[in-house]
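To start, the structure itself, in structure tokens.
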Amino acid sequence: MKNPSYILFSLCILSFACSPSQEEKEVDEDTKDALSEILSSDKVELVADGFDFTEGPVWWAEEAAWLFSDIPASIIYKVDSAGEVQEFINPSGKSNGLIFDQDGHLIAVEHEGRQVSRHDLNGASEVIVATYQGKKLNSPNDIVQHSSGDIYFTDPPYGLSDGDDDDEKELSFNGVFRYSNGDLVLLDSSFVRPNGLAFTPDESHLYIAQSDSDAKIIKKFPLNENGTLGECVLIYDGTDSSEAGAPDGMKVSENGYLFATGPGGIHVFSPDDEHLGTIEVPQVPTNLAFGGADGTTLFITAQSGVYKVQLKVKGATL
């Protein structure tokens, strides 16, 4: 893999035009009532628009900025709290999900290279894993890290032009994996389109979202001591929803609320997995991340735009 170009200064400040309907979305009264202990703002605000397809946001505390992927453009962008957007990594290998690991490296799951990569923010990059039992991964999609250092990621076929029917698809399944001490372990192969991941704050459970049009679901798995998954429970099924979108990216607050993209917006669940309400977003949301100075800003990637909404709860630190 070629080292990506790291643009640490503003080589290209992007300006974006958008229709008024995409600039912000007022939270409806029913949602505000249901989420009164969670929502701090009545509006989902536009940060920037004009991208190809945004995904994989992560808060970069040292720079007080968010990073996010534009998958088709093969660029990772940086946007600061003032809304100034810069190219950060170009090309990005058509990255999707992004996290910072425990050593401060940026970890990206990449569609183009069908791999998980590590970047040290000085321009160097290396492949962490790209194969399972000698076969290429499909197109790693979303990623989280456990406090043990283990990395969990999903591997649907979205990066392959013909999906499951693509001639270059080598695996017979779409898996959920754990990468631990150099070993890649298959945790689950039952999902048709595994997508978003999120640990509960105590890391006792792992949420896994599926974006299959025939099964728009979120499942919750107990995490065994050896890092494998126990028997799951279904906490959400939006298959019959008439709203646009499907379960995709997810994050949890420090007090256990789950924020999950899905049909109609951002679905919010209590620590007991009760569905409390849905925050509507002007565009179909794809993923989200907690950030800001005090961790209470929810940053949302959504098709061509990126948005934010202010909350009363902080993101979990895992």
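Chain labels follow the order of the structure tokens: the first chain is A, the next B, and so on; residue numbering restarts at 1 in every chain, and ligands are counted from 1 in their shown order.
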>> Quick check for you: according to DSSP on this backbone, which residues of region 86-153 of chain A are classed as strand (DSSP E)? Reply as number ranges by chain.
In response: A: 86-90, 95-100, 106-110, 115-119, 125-129, 131-132, 135-136, 143-145, 151-153
So that I have them on file, write out the residues from the current selection with N, CA and C atoms, as a CSV table (one decimal), in the first residue's frame.
```
chain,number,residue,atom,x,y,z
A,86,GLN,N,-10.8,20.4,5.8
A,86,GLN,CA,-9.6,20.2,5.1
A,86,GLN,C,-9.4,18.7,4.7
A,87,GLU,N,-8.8,18.5,3.6
A,87,GLU,CA,-8.4,17.1,3.3
A,87,GLU,C,-7.3,16.7,4.3
A,88,PHE,N,-7.4,15.5,4.8
A,88,PHE,CA,-6.4,15.0,5.7
A,88,PHE,C,-5.6,13.8,5.2
A,89,ILE,N,-6.2,12.8,4.7
A,89,ILE,CA,-5.5,11.7,4.0
A,89,ILE,C,-6.1,11.5,2.6
A,90,ASN,N,-5.3,11.6,1.6
A,90,ASN,CA,-5.7,11.4,0.3
A,90,ASN,C,-4.5,10.8,-0.6
A,95,SER,N,-11.5,4.4,2.6
A,95,SER,CA,-11.8,4.1,4.0
A,95,SER,C,-13.2,4.3,4.4
A,96,ASN,N,-13.7,3.5,5.4
A,96,ASN,CA,-15.0,3.6,5.9
A,96,ASN,C,-14.8,4.0,7.4
A,97,GLY,N,-15.0,3.0,8.3
A,97,GLY,CA,-14.9,3.3,9.7
A,97,GLY,C,-13.5,3.7,10.2
A,98,LEU,N,-13.4,4.6,11.2
A,98,LEU,CA,-12.2,5.1,11.7
A,98,LEU,C,-12.2,5.1,13.2
A,99,ILE,N,-11.1,4.7,13.9
A,99,ILE,CA,-11.0,4.9,15.3
A,99,ILE,C,-9.5,5.3,15.6
A,100,PHE,N,-9.3,5.8,16.8
A,100,PHE,CA,-7.9,6.0,17.3
A,100,PHE,C,-7.7,4.9,18.3
A,106,LEU,N,-4.2,6.2,14.1
A,106,LEU,CA,-5.5,6.2,13.4
A,106,LEU,C,-5.6,4.8,12.7
A,107,ILE,N,-6.7,4.1,13.0
A,107,ILE,CA,-7.0,2.8,12.4
A,107,ILE,C,-8.2,3.0,11.5
A,108,ALA,N,-8.0,2.5,10.2
A,108,ALA,CA,-9.0,2.6,9.2
A,108,ALA,C,-9.4,1.3,8.6
A,109,VAL,N,-10.6,1.0,8.4
A,109,VAL,CA,-11.0,-0.1,7.6
A,109,VAL,C,-11.3,0.4,6.2
A,110,GLU,N,-10.7,-0.3,5.2
A,110,GLU,CA,-10.6,0.2,3.9
A,110,GLU,C,-11.3,-0.8,2.9
A,115,GLN,N,-8.9,-4.2,3.7
A,115,GLN,CA,-7.9,-4.4,4.8
A,115,GLN,C,-8.2,-3.5,5.9
A,116,VAL,N,-7.5,-3.7,7.0
A,116,VAL,CA,-7.5,-2.8,8.2
A,116,VAL,C,-6.1,-2.3,8.2
A,117,SER,N,-6.0,-0.9,8.3
A,117,SER,CA,-4.7,-0.3,8.3
A,117,SER,C,-4.5,0.6,9.5
A,118,ARG,N,-3.2,0.8,9.8
A,118,ARG,CA,-2.8,1.7,10.9
A,118,ARG,C,-2.0,2.9,10.3
A,119,HIS,N,-2.3,4.1,10.8
A,119,HIS,CA,-1.6,5.3,10.3
A,119,HIS,C,-1.0,6.0,11.5
A,125,SER,N,2.2,4.3,7.1
A,125,SER,CA,1.0,3.5,7.3
A,125,SER,C,1.4,2.0,7.1
A,126,GLU,N,0.6,1.1,7.7
A,126,GLU,CA,0.9,-0.3,7.5
A,126,GLU,C,-0.4,-1.0,7.6
A,127,VAL,N,-0.4,-2.2,6.9
A,127,VAL,CA,-1.6,-3.1,6.9
A,127,VAL,C,-1.5,-3.9,8.2
A,128,ILE,N,-2.6,-3.9,9.0
A,128,ILE,CA,-2.8,-4.7,10.1
A,128,ILE,C,-3.2,-6.1,9.7
A,129,VAL,N,-4.3,-6.2,8.9
A,129,VAL,CA,-4.8,-7.5,8.5
A,129,VAL,C,-5.6,-7.3,7.2
A,131,THR,N,-6.3,-10.6,5.3
A,131,THR,CA,-6.8,-11.9,4.9
A,131,THR,C,-7.3,-12.7,6.1
A,132,TYR,N,-8.1,-13.7,5.8
A,132,TYR,CA,-8.6,-14.7,6.8
A,132,TYR,C,-8.4,-16.1,6.2
A,135,LYS,N,-7.5,-16.1,2.6
A,135,LYS,CA,-8.4,-15.5,1.6
A,135,LYS,C,-8.6,-14.0,2.0
A,136,LYS,N,-8.7,-13.2,0.9
A,136,LYS,CA,-8.9,-11.8,1.1
A,136,LYS,C,-10.2,-11.5,1.8
A,143,ILE,N,-15.6,-0.6,12.8
A,143,ILE,CA,-14.5,-1.1,13.7
A,143,ILE,C,-14.6,-0.5,15.1
A,144,VAL,N,-14.3,-1.2,16.1
A,144,VAL,CA,-14.2,-0.8,17.5
A,144,VAL,C,-13.0,-1.5,18.2
A,145,GLN,N,-12.5,-0.8,19.2
A,145,GLN,CA,-11.4,-1.5,20.0
A,145,GLN,C,-11.8,-1.7,21.4
A,151,ILE,N,-9.2,-5.7,18.4
A,151,ILE,CA,-10.0,-4.9,17.5
A,151,ILE,C,-11.1,-5.8,16.9
A,152,TYR,N,-12.3,-5.3,16.9
A,152,TYR,CA,-13.4,-6.0,16.4
A,152,TYR,C,-13.9,-5.2,15.1
A,153,PHE,N,-14.2,-5.9,14.0
A,153,PHE,CA,-14.7,-5.2,12.8
A,153,PHE,C,-15.6,-6.1,12.0
```
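Closest approach to Gly159 (chain A) among A:Asp142, A:Glu55, A:Asp240, A:Glu112: A:Glu112, based on only C-alpha atoms.
Taking CA of Ala209 (chain A) and CA of Lys251 (chain A) as the two end points, the separation is 11.3 Å.
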>> According to DSSP computed on the backbone, where in region 17-151 of chain A is there alpha helix (DSSP H)? Give the residues as number ranges by chain.
In response: A: 20-23, 29-34
Tell me, counting only C-alpha atoms, for each residue of region 24-124 of chain A within 12 Å of region 292-316 of chain A, which pair of atoms is nearest and how far apart they are in Å to one decimal, in rows ordered by chain and increasing number, as CSV.
```
residue,atom,partner,partner_atom,distance
A:Glu24,CA,A:Tyr307,CA,8.1
A:Lys25,CA,A:Val309,CA,9.8
A:Glu26,CA,A:Val309,CA,10.3
A:Val27,CA,A:Val309,CA,9.9
A:Lys32,CA,A:Leu311,CA,11.4
A:Leu35,CA,A:Leu311,CA,9.8
A:Ser36,CA,A:Lys312,CA,9.0
A:Glu37,CA,A:Lys312,CA,6.9
A:Ile38,CA,A:Lys312,CA,5.0
A:Leu39,CA,A:Leu311,CA,4.5
A:Ser40,CA,A:Leu311,CA,4.5
A:Ser41,CA,A:Gln310,CA,5.2
A:Asp42,CA,A:Val309,CA,8.2
A:Lys43,CA,A:Val309,CA,6.5
A:Val44,CA,A:Val309,CA,4.8
A:Glu45,CA,A:Lys308,CA,5.3
A:Leu46,CA,A:Tyr307,CA,4.4
A:Val47,CA,A:Tyr307,CA,5.0
A:Ala48,CA,A:Val306,CA,5.5
A:Asp49,CA,A:Gly305,CA,4.0
A:Gly50,CA,A:Ser304,CA,5.4
A:Phe51,CA,A:Ser304,CA,4.5
A:Asp52,CA,A:Ser304,CA,5.3
A:Phe53,CA,A:Gln303,CA,4.7
A:Thr54,CA,A:Thr301,CA,5.4
A:Glu55,CA,A:Thr301,CA,5.5
A:Gly56,CA,A:Thr301,CA,7.5
A:Pro57,CA,A:Thr301,CA,6.8
A:Val58,CA,A:Phe299,CA,8.5
A:Trp59,CA,A:Gly292,CA,7.6
A:Trp60,CA,A:Gly292,CA,9.1
A:Ala61,CA,A:Gly292,CA,7.9
A:Glu62,CA,A:Ala293,CA,10.4
A:Glu63,CA,A:Gly292,CA,10.5
A:Ala64,CA,A:Gly292,CA,6.9
A:Ala65,CA,A:Gly292,CA,7.7
A:Trp66,CA,A:Phe299,CA,8.0
A:Leu67,CA,A:Phe299,CA,10.1
A:Phe68,CA,A:Thr301,CA,7.8
A:Ser69,CA,A:Thr301,CA,8.9
A:Asp70,CA,A:Ser304,CA,8.6
A:Ile71,CA,A:Gln303,CA,10.3
A:Pro72,CA,A:Ser304,CA,10.9
A:Ala73,CA,A:Ser304,CA,11.3
A:Tyr77,CA,A:Val306,CA,11.0
A:Lys78,CA,A:Val306,CA,11.4
A:Val79,CA,A:Val306,CA,9.7
A:Asp80,CA,A:Gly292,CA,9.5
A:Ser81,CA,A:Gly292,CA,7.4
A:Ala82,CA,A:Gly292,CA,11.1
A:Gly83,CA,A:Val306,CA,10.0
A:Val85,CA,A:Val306,CA,10.8
A:Asn96,CA,A:Thr301,CA,11.2
A:Gly97,CA,A:Thr301,CA,11.2
```
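One finds CA of Ala215 (chain A) at 25.0 Å from CA of Asp167 (chain A).
Interatomic distance, CA of Gly134 (chain A) against CA of Glu170 (chain A): 9.5 Å.
Across A:Gly277, A:Gly291, A:Gly163, A:Gly256, the tightest approach to Glu29 (chain A) is made by A:Gly277 when counting only C-alpha atoms.
Using only C-alpha atoms for every distance, the candidate list A:Asn181, A:Ser147, A:Asn174, A:Asn138 yields A:Asn138 as the residue closest to Leu160 (chain A).
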Could you build a table of the residues in region 75-182 of chain A lying no more than 10 Å from region 216-227 of chain A, giving for each the nearest pair of atoms and their separation in Å rounded to one decimal place, using only C-alpha atoms, ordered by chain and ascending residue number, as a Markdown table?
```
| residue | atom | partner | partner_atom | distance |
| --- | --- | --- | --- | --- |
| A:His146 | CA | A:Gly227 | CA | 9.2 |
| A:Ser148 | CA | A:Gly227 | CA | 9.4 |
| A:Asp150 | CA | A:Gly227 | CA | 8.4 |
| A:Tyr152 | CA | A:Gly227 | CA | 9.6 |
| A:Arg178 | CA | A:Gly227 | CA | 7.9 |
| A:Ser180 | CA | A:Gly227 | CA | 9.1 |
```
